[in-house]
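Working notes, structure below.
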Number of protein chains: 2
Amino acid sequence: MKAEFNSWHAVQAEVLRRIHAREWKPGEMIPNEADLSREFGCARATVNRALRELAKSGLLERRRRAGTRVAMHPVRKATLNIPVIRDEIQGKGLAYSYSLLSAERMRPPSAVSARMQVASDVELLHLVSLHLADGKPYVYENRWISLAAVPEAANVDFSRHNANEWLVVNVPFEGGDIAFSAMIAGERDAEILSCEQGEGLFVIDRSTWTKDETITMVRLTFAPGYRMHTEL
Amino acid sequence: MKAEFNSWHAVQAEVLRRIHAREWKPGEMIPNEADLSREFGCARATVNRALRELAKSGLLERRRRAGTRVAMHPVRKATLNIPVIRDEIQGKGLAYSYSLLSAERMRPPSAVSARMQVASDVELLHLVSLHLADGKPYVYENRWISLAAVPEAANVDFSRHNANEWLVVNVPFEGGDIAFSAMIAGERDAEILSCEQGEGLFVIDRSTWTKDETITMVRLTFAPGYRMHTEL
DNA sequence: CAGTGGTCTAGACCACAAG
DNA sequence: TTGTGGTCTAGACCACTGG
C-alpha cells in the first residue's frame, strides 16, 4: 500500500521527511519534478509548488537545467514582521500614546544628506517623537523627511498625526532597507526614554524610497529591555 | 489599446501600480479573481499567484468568501538571512577563525532547563566559543546542546568542528525562534570580545527544535559596532 | 543542443465563512 | 446557502544553462 500525496502540503511534508531522515543528504541532487510527480501520483505543478516553497525558505537550491539539490548550508531565513508601532504596543495589551517632541525644517547633517542622496544645502523636515506604552516611553523616533519627495508633509500637523502612520497611509513606498544594532544610552537618549545613561538600547535604522527618491530616514531607539522576536 | 498581463509578474506589477496610484485605497476591496482574470486577459491561476504573493508580503489581506482587500496597515515583512557565521565573515572578505573556550557537561541554570523543557537535573553539553574575523573577536556563542536529542554530540571534538556548522550539517531542525536585543558588556563579555565594559552589544538568542525535543539554545553576543542589515 | 525548472491555461472541485 | 479564494490536473510552451 503506497501513500498518496495529492496536496502540495503533503508533498512538502514528505520531502521534508526525506531530508530530515537523510534519505536525501545536504548537497545531494533530488529527482526532477517529472519523476517525483509520477512517484507521488500527482501533477507536476503540485510538486513544483511544494519544492518552490522549500527553495524560497532556503532548504533547497534549484537551478534550471541543473536540477534541485538539498542546500548544503541552509541559510535560515527568518521573516520579521515590522508592524506600525501603535499596533505593536496595542498588540501587547498596552495603552498607546504619542508625543511630538520637535518638528522643524532644517539642513541635515552631512551623514543624513548623503544617505538620502540630497544636496547638503536642502532643507528637510526633522521630527523627533516619542511613543509610549501605558504612559511609559517605549521607543522614540528621530526622522528626516524629504520635502522634495513628499511636499504635502510640510502642511501636516504631526503633533496630531504620528509620522509613522501618516507616511504608511499617504506615501506609497517601493523599497527600503533596515539595519539593527545596539548602542549605549547617552544623555539625551536617557532623558527622552526616562532611563539611565549607559544602558544598552536596541536601535533600528530604516530608510524607504520610491523608484527615484528617498522618502524618509528614521532611527528608532527603543527603551531598555526591548526584544524583537520571530520564529523560523 | 489595452495592455495585456499574461505573466503573474505583470499582473503583480499592475496591482501594485493601482495601489500606489490609490486607485485601490487601503482598506478597500478589490475585484475578485475571476473578474480580474477576465480584465487582464489571463487565467485565474495567474491572478491567484500574483495576489497570493502580495498577500504573503503583507500588502493584501485575503479571506475566503470575504474577498481581497488592500491592507489598512501594511505590516512590513522583512526577510532576514541568517547565514552560517563563517560565511558571514568570509562574505565580508575577512579571514575566519574559531576558538573553543570551554566545553563541558553540566547541569544548566534553571532558566535554560526551563526553556529547553528538560528536567533541571539533566546534564547538557555547554560550549563557549569565539568566532574571529581577521583575528579580531567578531561574536561569541554560549550554547547548550541537549544530549538526549543529539547523543552523537558527546563524541564530537568541538575544538576542531565549530558547533554552529556541525549542527547545521548533522542535525535537521524543524523549527526555532529568534530574539534580538541589546545589552551592556559585562566583565566577562569585555574580556572575551576584547572590548571595554559598558559597551553596547547586539545579542541574538536562538533556540531550535525538532517535533518533540529542543535541540539547542544559543546566545550570540556580537562585538561592539555590529549591524544586522536587510532590505524590504 | 537538450534537460530542467518556470510558467500559463482551462477547467474542475473543494473549504471556508459571511449573510 | 452561496460566493470567494485555495488547490489540483493535464497538457503545453518557454527560458535558462550545463555539457
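Ordering of the C-alpha cells sets the chain letters (A, B, ...), residue numbers begin anew at 1 in every chain, and ligands are numbered from 1 in the order given.
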
Go through chain D and flag each residue having an atom no more than 7 Å from chain A; for those, report the closest pair of atoms plus their distance in Å to one decimal, using only C-alpha atoms (C1' of nucleotides), ordered by chain and rising number, as CSV.
residue,atom,partner,partner_atom,distance
D:DT9,C1',A:Ala43,CA,6.0
D:DC16,C1',A:Arg64,CA,6.1
D:DT17,C1',A:Arg65,CA,6.1
D:DG18,C1',A:Arg65,CA,6.8

Selected residues written out with N, CA and C atoms (P, O5', C5', C4', C3', O3' and C1' of nucleotides), as a short mmCIF file (atom, residue, chain, number, x, y, z; two decimals), in the first residue's frame:
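Here's the written file again_36.cif:
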data_model
loop_
_atom_site.label_atom_id
_atom_site.label_comp_id
_atom_site.auth_asym_id
_atom_site.auth_seq_id
_atom_site.Cartn_x
_atom_site.Cartn_y
_atom_site.Cartn_z
P DT D 9 -2.97 16.57 -8.51
"O5'" DT D 9 -3.60 16.79 -9.95
"C5'" DT D 9 -4.98 16.48 -10.16
"C4'" DT D 9 -5.30 16.67 -11.62
"C3'" DT D 9 -4.15 16.25 -12.55
"O3'" DT D 9 -4.65 15.41 -13.57
"C1'" DT D 9 -4.87 18.44 -13.07
P DC D 16 15.70 33.88 -19.65
"O5'" DC D 16 16.81 32.97 -18.97
"C5'" DC D 16 16.48 32.31 -17.74
"C4'" DC D 16 17.23 31.03 -17.70
"C3'" DC D 16 18.75 31.17 -17.91
"O3'" DC D 16 19.33 30.93 -16.66
"C1'" DC D 16 17.85 29.26 -19.00
P DT D 17 20.81 31.28 -16.38
"O5'" DT D 17 21.53 29.89 -16.64
"C5'" DT D 17 21.07 28.72 -15.96
"C4'" DT D 17 21.73 27.51 -16.58
"C3'" DT D 17 23.21 27.70 -16.92
"O3'" DT D 17 23.89 26.50 -16.65
"C1'" DT D 17 22.10 26.91 -18.79
P DG D 18 25.00 26.45 -15.57
"O5'" DG D 18 25.52 24.95 -15.66
"C5'" DG D 18 24.74 23.89 -15.20
"C4'" DG D 18 24.84 22.71 -16.13
"C3'" DG D 18 26.28 22.25 -16.42
"O3'" DG D 18 26.28 20.84 -16.32
"C1'" DG D 18 25.17 22.76 -18.47
#

Using only C-alpha atoms (C1' of nucleotides), I'd like a table of the residues in chain D that come within 8 Å of segment 5-19 of chain C; for each, show the closest atom pair and its distance in Å rounded to one decimal, ordered by chain and ascending number, as JSON lines.
{"residue": "D:DG6", "atom": "C1'", "partner": "C:DA15", "partner_atom": "C1'", "distance": 8.0}
{"residue": "D:DC14", "atom": "C1'", "partner": "C:DT7", "partner_atom": "C1'", "distance": 7.9}
{"residue": "D:DA15", "atom": "C1'", "partner": "C:DG6", "partner_atom": "C1'", "distance": 7.8}

* To do: Could you pull out the residues in segment 22-220 of chain B that DSSP calls alpha helix (DSSP H) from the backbone, as number ranges by chain?
  => B: 33-40, 44-56, 85-91, 110-115, 163-170, 187-193

Output for the residues just chosen: C-alpha atoms as a PDB file, in the first residue's frame:
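So part-v3.pdb came out as:
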ATOM      1  CA  GLU B  33     -10.001  36.763  -9.079  1.00  0.00           C
ATOM      2  CA  ALA B  34     -12.442  35.755 -11.784  1.00  0.00           C
ATOM      3  CA  ASP B  35     -13.181  39.356 -12.722  1.00  0.00           C
ATOM      4  CA  LEU B  36      -9.542  40.326 -12.665  1.00  0.00           C
ATOM      5  CA  SER B  37      -8.553  37.386 -14.834  1.00  0.00           C
ATOM      6  CA  ARG B  38     -11.115  38.484 -17.411  1.00  0.00           C
ATOM      7  CA  GLU B  39      -9.945  42.080 -17.231  1.00  0.00           C
ATOM      8  CA  PHE B  40      -6.300  41.134 -17.522  1.00  0.00           C
ATOM      9  CA  ARG B  44      -7.406  32.853 -12.885  1.00  0.00           C
ATOM     10  CA  ALA B  45      -4.441  30.853 -11.641  1.00  0.00           C
ATOM     11  CA  THR B  46      -2.165  33.610 -12.880  1.00  0.00           C
ATOM     12  CA  VAL B  47      -4.069  36.256 -10.959  1.00  0.00           C
ATOM     13  CA  ASN B  48      -4.131  33.953  -7.960  1.00  0.00           C
ATOM     14  CA  ARG B  49      -0.375  33.597  -7.991  1.00  0.00           C
ATOM     15  CA  ALA B  50       0.159  37.339  -8.152  1.00  0.00           C
ATOM     16  CA  LEU B  51      -2.308  38.140  -5.396  1.00  0.00           C
ATOM     17  CA  ARG B  52      -1.122  35.301  -3.189  1.00  0.00           C
ATOM     18  CA  GLU B  53       2.419  36.613  -3.243  1.00  0.00           C
ATOM     19  CA  LEU B  54       1.256  40.115  -2.439  1.00  0.00           C
ATOM     20  CA  ALA B  55      -0.792  38.785   0.449  1.00  0.00           C
ATOM     21  CA  LYS B  56       2.197  36.878   1.770  1.00  0.00           C
ATOM     22  CA  ILE B  85      28.890  32.650  10.797  1.00  0.00           C
ATOM     23  CA  ARG B  86      31.861  31.514   8.751  1.00  0.00           C
ATOM     24  CA  ASP B  87      30.031  32.505   5.588  1.00  0.00           C
ATOM     25  CA  GLU B  88      29.009  35.844   7.018  1.00  0.00           C
ATOM     26  CA  ILE B  89      32.603  36.723   7.902  1.00  0.00           C
ATOM     27  CA  GLN B  90      34.107  35.422   4.693  1.00  0.00           C
ATOM     28  CA  GLY B  91      31.368  37.207   2.766  1.00  0.00           C
ATOM     29  CA  SER B 110      17.082  26.766  35.730  1.00  0.00           C
ATOM     30  CA  ALA B 111      16.328  29.447  33.129  1.00  0.00           C
ATOM     31  CA  VAL B 112      17.956  27.258  30.497  1.00  0.00           C
ATOM     32  CA  SER B 113      16.441  23.943  31.559  1.00  0.00           C
ATOM     33  CA  ALA B 114      13.022  25.557  31.632  1.00  0.00           C
ATOM     34  CA  ARG B 115      13.288  26.994  28.173  1.00  0.00           C
ATOM     35  CA  ALA B 163      29.158  23.758  16.822  1.00  0.00           C
ATOM     36  CA  ASN B 164      27.319  26.134  14.557  1.00  0.00           C
ATOM     37  CA  GLU B 165      28.338  24.257  11.444  1.00  0.00           C
ATOM     38  CA  TRP B 166      28.286  20.776  12.921  1.00  0.00           C
ATOM     39  CA  LEU B 167      24.692  21.156  13.979  1.00  0.00           C
ATOM     40  CA  VAL B 168      23.587  22.636  10.676  1.00  0.00           C
ATOM     41  CA  VAL B 169      25.004  19.712   8.760  1.00  0.00           C
ATOM     42  CA  ASN B 170      24.237  16.889  11.159  1.00  0.00           C
ATOM     43  CA  GLU B 187      33.293  41.995  32.719  1.00  0.00           C
ATOM     44  CA  ARG B 188      33.341  38.583  31.068  1.00  0.00           C
ATOM     45  CA  ASP B 189      31.851  39.827  27.816  1.00  0.00           C
ATOM     46  CA  ALA B 190      34.514  42.511  27.604  1.00  0.00           C
ATOM     47  CA  GLU B 191      37.233  40.003  28.303  1.00  0.00           C
ATOM     48  CA  ILE B 192      36.079  37.562  25.638  1.00  0.00           C
ATOM     49  CA  LEU B 193      35.396  40.181  22.994  1.00  0.00           C
TER      50      LEU B 193
END

* Got a sec to tell me which of chain A DSSP assigns to strand (DSSP E or B), as an MDAnalysis selection string? -> chainID A and resid 29:30 60:63 67:70 76:82 96:106 124:133 136:145 175:184 200:209 214:222 227:231

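One finds atom CA of Leu232 of chain B at 26.0 Å from atom CA of Tyr138 of chain B.
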
* Pick from B:Phe5, B:Trp209, B:Phe158, B:Tyr98, whichever lies nearest to chain C using only C-alpha atoms (C1' of nucleotides) -> B:Phe5

List every residue of chain A that has an atom at most 9 Å from any atom of chain B, giving for each one its closest atom pair and the distance in Å to one decimal, counting only C-alpha atoms, sorted by chain and then by ascending residue number, as JSON lines.
{"residue": "A:Leu16", "atom": "CA", "partner": "B:Glu174", "partner_atom": "CA", "distance": 9.0}
{"residue": "A:Ile19", "atom": "CA", "partner": "B:Pro172", "partner_atom": "CA", "distance": 7.8}
{"residue": "A:His20", "atom": "CA", "partner": "B:Pro172", "partner_atom": "CA", "distance": 5.4}
{"residue": "A:Ala21", "atom": "CA", "partner": "B:Pro172", "partner_atom": "CA", "distance": 8.4}
{"residue": "A:Arg22", "atom": "CA", "partner": "B:Pro172", "partner_atom": "CA", "distance": 8.7}
{"residue": "A:Pro26", "atom": "CA", "partner": "B:Val169", "partner_atom": "CA", "distance": 7.1}
{"residue": "A:Met72", "atom": "CA", "partner": "B:Val169", "partner_atom": "CA", "distance": 7.4}
{"residue": "A:His73", "atom": "CA", "partner": "B:Val168", "partner_atom": "CA", "distance": 6.9}
{"residue": "A:Pro74", "atom": "CA", "partner": "B:Val168", "partner_atom": "CA", "distance": 7.4}
{"residue": "A:Val75", "atom": "CA", "partner": "B:Pro83", "partner_atom": "CA", "distance": 4.9}
{"residue": "A:Arg76", "atom": "CA", "partner": "B:Ile82", "partner_atom": "CA", "distance": 5.1}
{"residue": "A:Lys77", "atom": "CA", "partner": "B:Asn81", "partner_atom": "CA", "distance": 4.7}
{"residue": "A:Ala78", "atom": "CA", "partner": "B:Leu80", "partner_atom": "CA", "distance": 5.1}
{"residue": "A:Thr79", "atom": "CA", "partner": "B:Thr79", "partner_atom": "CA", "distance": 4.4}
{"residue": "A:Leu80", "atom": "CA", "partner": "B:Ala78", "partner_atom": "CA", "distance": 5.1}
{"residue": "A:Asn81", "atom": "CA", "partner": "B:Lys77", "partner_atom": "CA", "distance": 4.7}
{"residue": "A:Ile82", "atom": "CA", "partner": "B:Arg76", "partner_atom": "CA", "distance": 5.0}
{"residue": "A:Pro83", "atom": "CA", "partner": "B:Val75", "partner_atom": "CA", "distance": 4.8}
{"residue": "A:Val84", "atom": "CA", "partner": "B:Val75", "partner_atom": "CA", "distance": 6.8}
{"residue": "A:Asp87", "atom": "CA", "partner": "B:His73", "partner_atom": "CA", "distance": 8.9}
{"residue": "A:Glu165", "atom": "CA", "partner": "B:His73", "partner_atom": "CA", "distance": 8.2}
{"residue": "A:Val168", "atom": "CA", "partner": "B:His73", "partner_atom": "CA", "distance": 7.1}
{"residue": "A:Val169", "atom": "CA", "partner": "B:Pro26", "partner_atom": "CA", "distance": 7.3}
{"residue": "A:Val171", "atom": "CA", "partner": "B:His20", "partner_atom": "CA", "distance": 8.1}
{"residue": "A:Pro172", "atom": "CA", "partner": "B:His20", "partner_atom": "CA", "distance": 5.4}
{"residue": "A:Phe173", "atom": "CA", "partner": "B:His20", "partner_atom": "CA", "distance": 7.9}
{"residue": "A:Glu174", "atom": "CA", "partner": "B:Leu232", "partner_atom": "CA", "distance": 8.6}
{"residue": "A:Gly175", "atom": "CA", "partner": "B:Leu232", "partner_atom": "CA", "distance": 5.7}
{"residue": "A:Gly176", "atom": "CA", "partner": "B:Leu232", "partner_atom": "CA", "distance": 5.0}
{"residue": "A:Asp177", "atom": "CA", "partner": "B:Glu231", "partner_atom": "CA", "distance": 4.1}
{"residue": "A:Ile178", "atom": "CA", "partner": "B:Thr230", "partner_atom": "CA", "distance": 5.4}
{"residue": "A:Ala179", "atom": "CA", "partner": "B:His229", "partner_atom": "CA", "distance": 4.3}
{"residue": "A:Phe180", "atom": "CA", "partner": "B:Met228", "partner_atom": "CA", "distance": 5.1}
{"residue": "A:Ser181", "atom": "CA", "partner": "B:Arg227", "partner_atom": "CA", "distance": 4.8}
{"residue": "A:Ala182", "atom": "CA", "partner": "B:Phe202", "partner_atom": "CA", "distance": 5.0}
{"residue": "A:Met183", "atom": "CA", "partner": "B:Gly200", "partner_atom": "CA", "distance": 4.7}
{"residue": "A:Ile184", "atom": "CA", "partner": "B:Gly200", "partner_atom": "CA", "distance": 5.1}
{"residue": "A:Ala185", "atom": "CA", "partner": "B:Gly200", "partner_atom": "CA", "distance": 8.7}
{"residue": "A:Gly198", "atom": "CA", "partner": "B:Gly198", "partner_atom": "CA", "distance": 6.9}
{"residue": "A:Glu199", "atom": "CA", "partner": "B:Ile184", "partner_atom": "CA", "distance": 6.6}
{"residue": "A:Gly200", "atom": "CA", "partner": "B:Met183", "partner_atom": "CA", "distance": 4.7}
{"residue": "A:Leu201", "atom": "CA", "partner": "B:Ala182", "partner_atom": "CA", "distance": 5.6}
{"residue": "A:Phe202", "atom": "CA", "partner": "B:Ala182", "partner_atom": "CA", "distance": 5.1}
{"residue": "A:Val203", "atom": "CA", "partner": "B:Ala182", "partner_atom": "CA", "distance": 8.4}
{"residue": "A:Thr208", "atom": "CA", "partner": "B:Leu232", "partner_atom": "CA", "distance": 8.5}
{"residue": "A:Pro224", "atom": "CA", "partner": "B:Ala182", "partner_atom": "CA", "distance": 7.9}
{"residue": "A:Gly225", "atom": "CA", "partner": "B:Ser181", "partner_atom": "CA", "distance": 7.4}
{"residue": "A:Tyr226", "atom": "CA", "partner": "B:Ser181", "partner_atom": "CA", "distance": 6.3}
{"residue": "A:Arg227", "atom": "CA", "partner": "B:Ser181", "partner_atom": "CA", "distance": 4.8}
{"residue": "A:Met228", "atom": "CA", "partner": "B:Phe180", "partner_atom": "CA", "distance": 5.1}
{"residue": "A:His229", "atom": "CA", "partner": "B:Ala179", "partner_atom": "CA", "distance": 4.3}
{"residue": "A:Thr230", "atom": "CA", "partner": "B:Ile178", "partner_atom": "CA", "distance": 5.4}
{"residue": "A:Glu231", "atom": "CA", "partner": "B:Asp177", "partner_atom": "CA", "distance": 4.1}
{"residue": "A:Leu232", "atom": "CA", "partner": "B:Gly176", "partner_atom": "CA", "distance": 5.0}

Selection above as a file: C-alpha atoms, as a JSON list (two decimals), in the first residue's frame:
[["chain", "number", "residue", "atom", "x", "y", "z"],
["A", 16, "LEU", "CA", 10.97, 17.39, 4.47],
["A", 19, "ILE", "CA", 15.65, 15.43, 4.17],
["A", 20, "HIS", "CA", 15.35, 15.00, 7.91],
["A", 21, "ALA", "CA", 15.71, 11.24, 7.61],
["A", 22, "ARG", "CA", 18.81, 11.87, 5.48],
["A", 26, "PRO", "CA", 22.83, 18.03, 2.16],
["A", 72, "MET", "CA", 24.50, 22.45, 1.86],
["A", 73, "HIS", "CA", 24.31, 25.27, 4.36],
["A", 74, "PRO", "CA", 20.66, 26.00, 4.75],
["A", 75, "VAL", "CA", 20.73, 29.75, 5.21],
["A", 76, "ARG", "CA", 18.00, 30.24, 7.71],
["A", 77, "LYS", "CA", 15.56, 32.86, 6.61],
["A", 78, "ALA", "CA", 13.61, 34.49, 9.34],
["A", 79, "THR", "CA", 10.69, 36.71, 8.49],
["A", 80, "LEU", "CA", 10.35, 39.75, 10.67],
["A", 81, "ASN", "CA", 7.04, 41.45, 10.99],
["A", 82, "ILE", "CA", 7.55, 45.14, 11.35],
["A", 83, "PRO", "CA", 4.21, 46.48, 12.46],
["A", 84, "VAL", "CA", 3.07, 50.02, 12.91],
["A", 87, "ASP", "CA", -0.31, 48.13, 16.64],
["A", 165, "GLU", "CA", 1.22, 56.17, 10.42],
["A", 168, "VAL", "CA", 2.28, 54.48, 5.76],
["A", 169, "VAL", "CA", -1.15, 55.60, 4.69],
["A", 171, "VAL", "CA", 3.03, 57.74, 0.80],
["A", 172, "PRO", "CA", 3.46, 54.54, -1.13],
["A", 173, "PHE", "CA", 6.99, 53.24, -0.99],
["A", 174, "GLU", "CA", 8.75, 50.86, -3.27],
["A", 175, "GLY", "CA", 11.74, 49.75, -1.32],
["A", 176, "GLY", "CA", 13.74, 50.28, 1.78],
["A", 177, "ASP", "CA", 16.41, 48.94, 3.97],
["A", 178, "ILE", "CA", 16.68, 48.24, 7.65],
["A", 179, "ALA", "CA", 19.59, 47.82, 9.98],
["A", 180, "PHE", "CA", 19.51, 46.63, 13.56],
["A", 181, "SER", "CA", 22.15, 47.44, 16.10],
["A", 182, "ALA", "CA", 22.88, 48.18, 19.73],
["A", 183, "MET", "CA", 24.04, 51.40, 21.33],
["A", 184, "ILE", "CA", 24.57, 52.93, 24.73],
["A", 185, "ALA", "CA", 22.14, 55.46, 26.10],
["A", 198, "GLY", "CA", 24.87, 53.83, 29.88],
["A", 199, "GLU", "CA", 22.02, 51.40, 29.38],
["A", 200, "GLY", "CA", 22.06, 49.18, 26.29],
["A", 201, "LEU", "CA", 19.49, 50.27, 23.73],
["A", 202, "PHE", "CA", 18.16, 48.42, 20.71],
["A", 203, "VAL", "CA", 18.16, 50.53, 17.56],
["A", 208, "THR", "CA", 12.48, 53.97, 2.43],
["A", 224, "PRO", "CA", 15.95, 49.29, 27.64],
["A", 225, "GLY", "CA", 14.82, 45.69, 27.68],
["A", 226, "TYR", "CA", 13.20, 45.68, 24.26],
["A", 227, "ARG", "CA", 13.35, 42.40, 22.40],
["A", 228, "MET", "CA", 12.40, 41.80, 18.81],
["A", 229, "HIS", "CA", 11.16, 38.28, 18.33],
["A", 230, "THR", "CA", 10.37, 35.97, 15.43],
["A", 231, "GLU", "CA", 10.13, 32.32, 14.50],
["A", 232, "LEU", "CA", 11.92, 30.21, 11.96]]

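Our summary of the geometry notes that atom CA of Ile145 of chain A is positioned 17.9 Å from atom CA of Ser99 of chain A.
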
* **Which of A:Arg18, A:Arg160, A:Arg62, A:His9 sits closest to chain C [using only C-alpha atoms (C1' of nucleotides)]** => A:Arg62
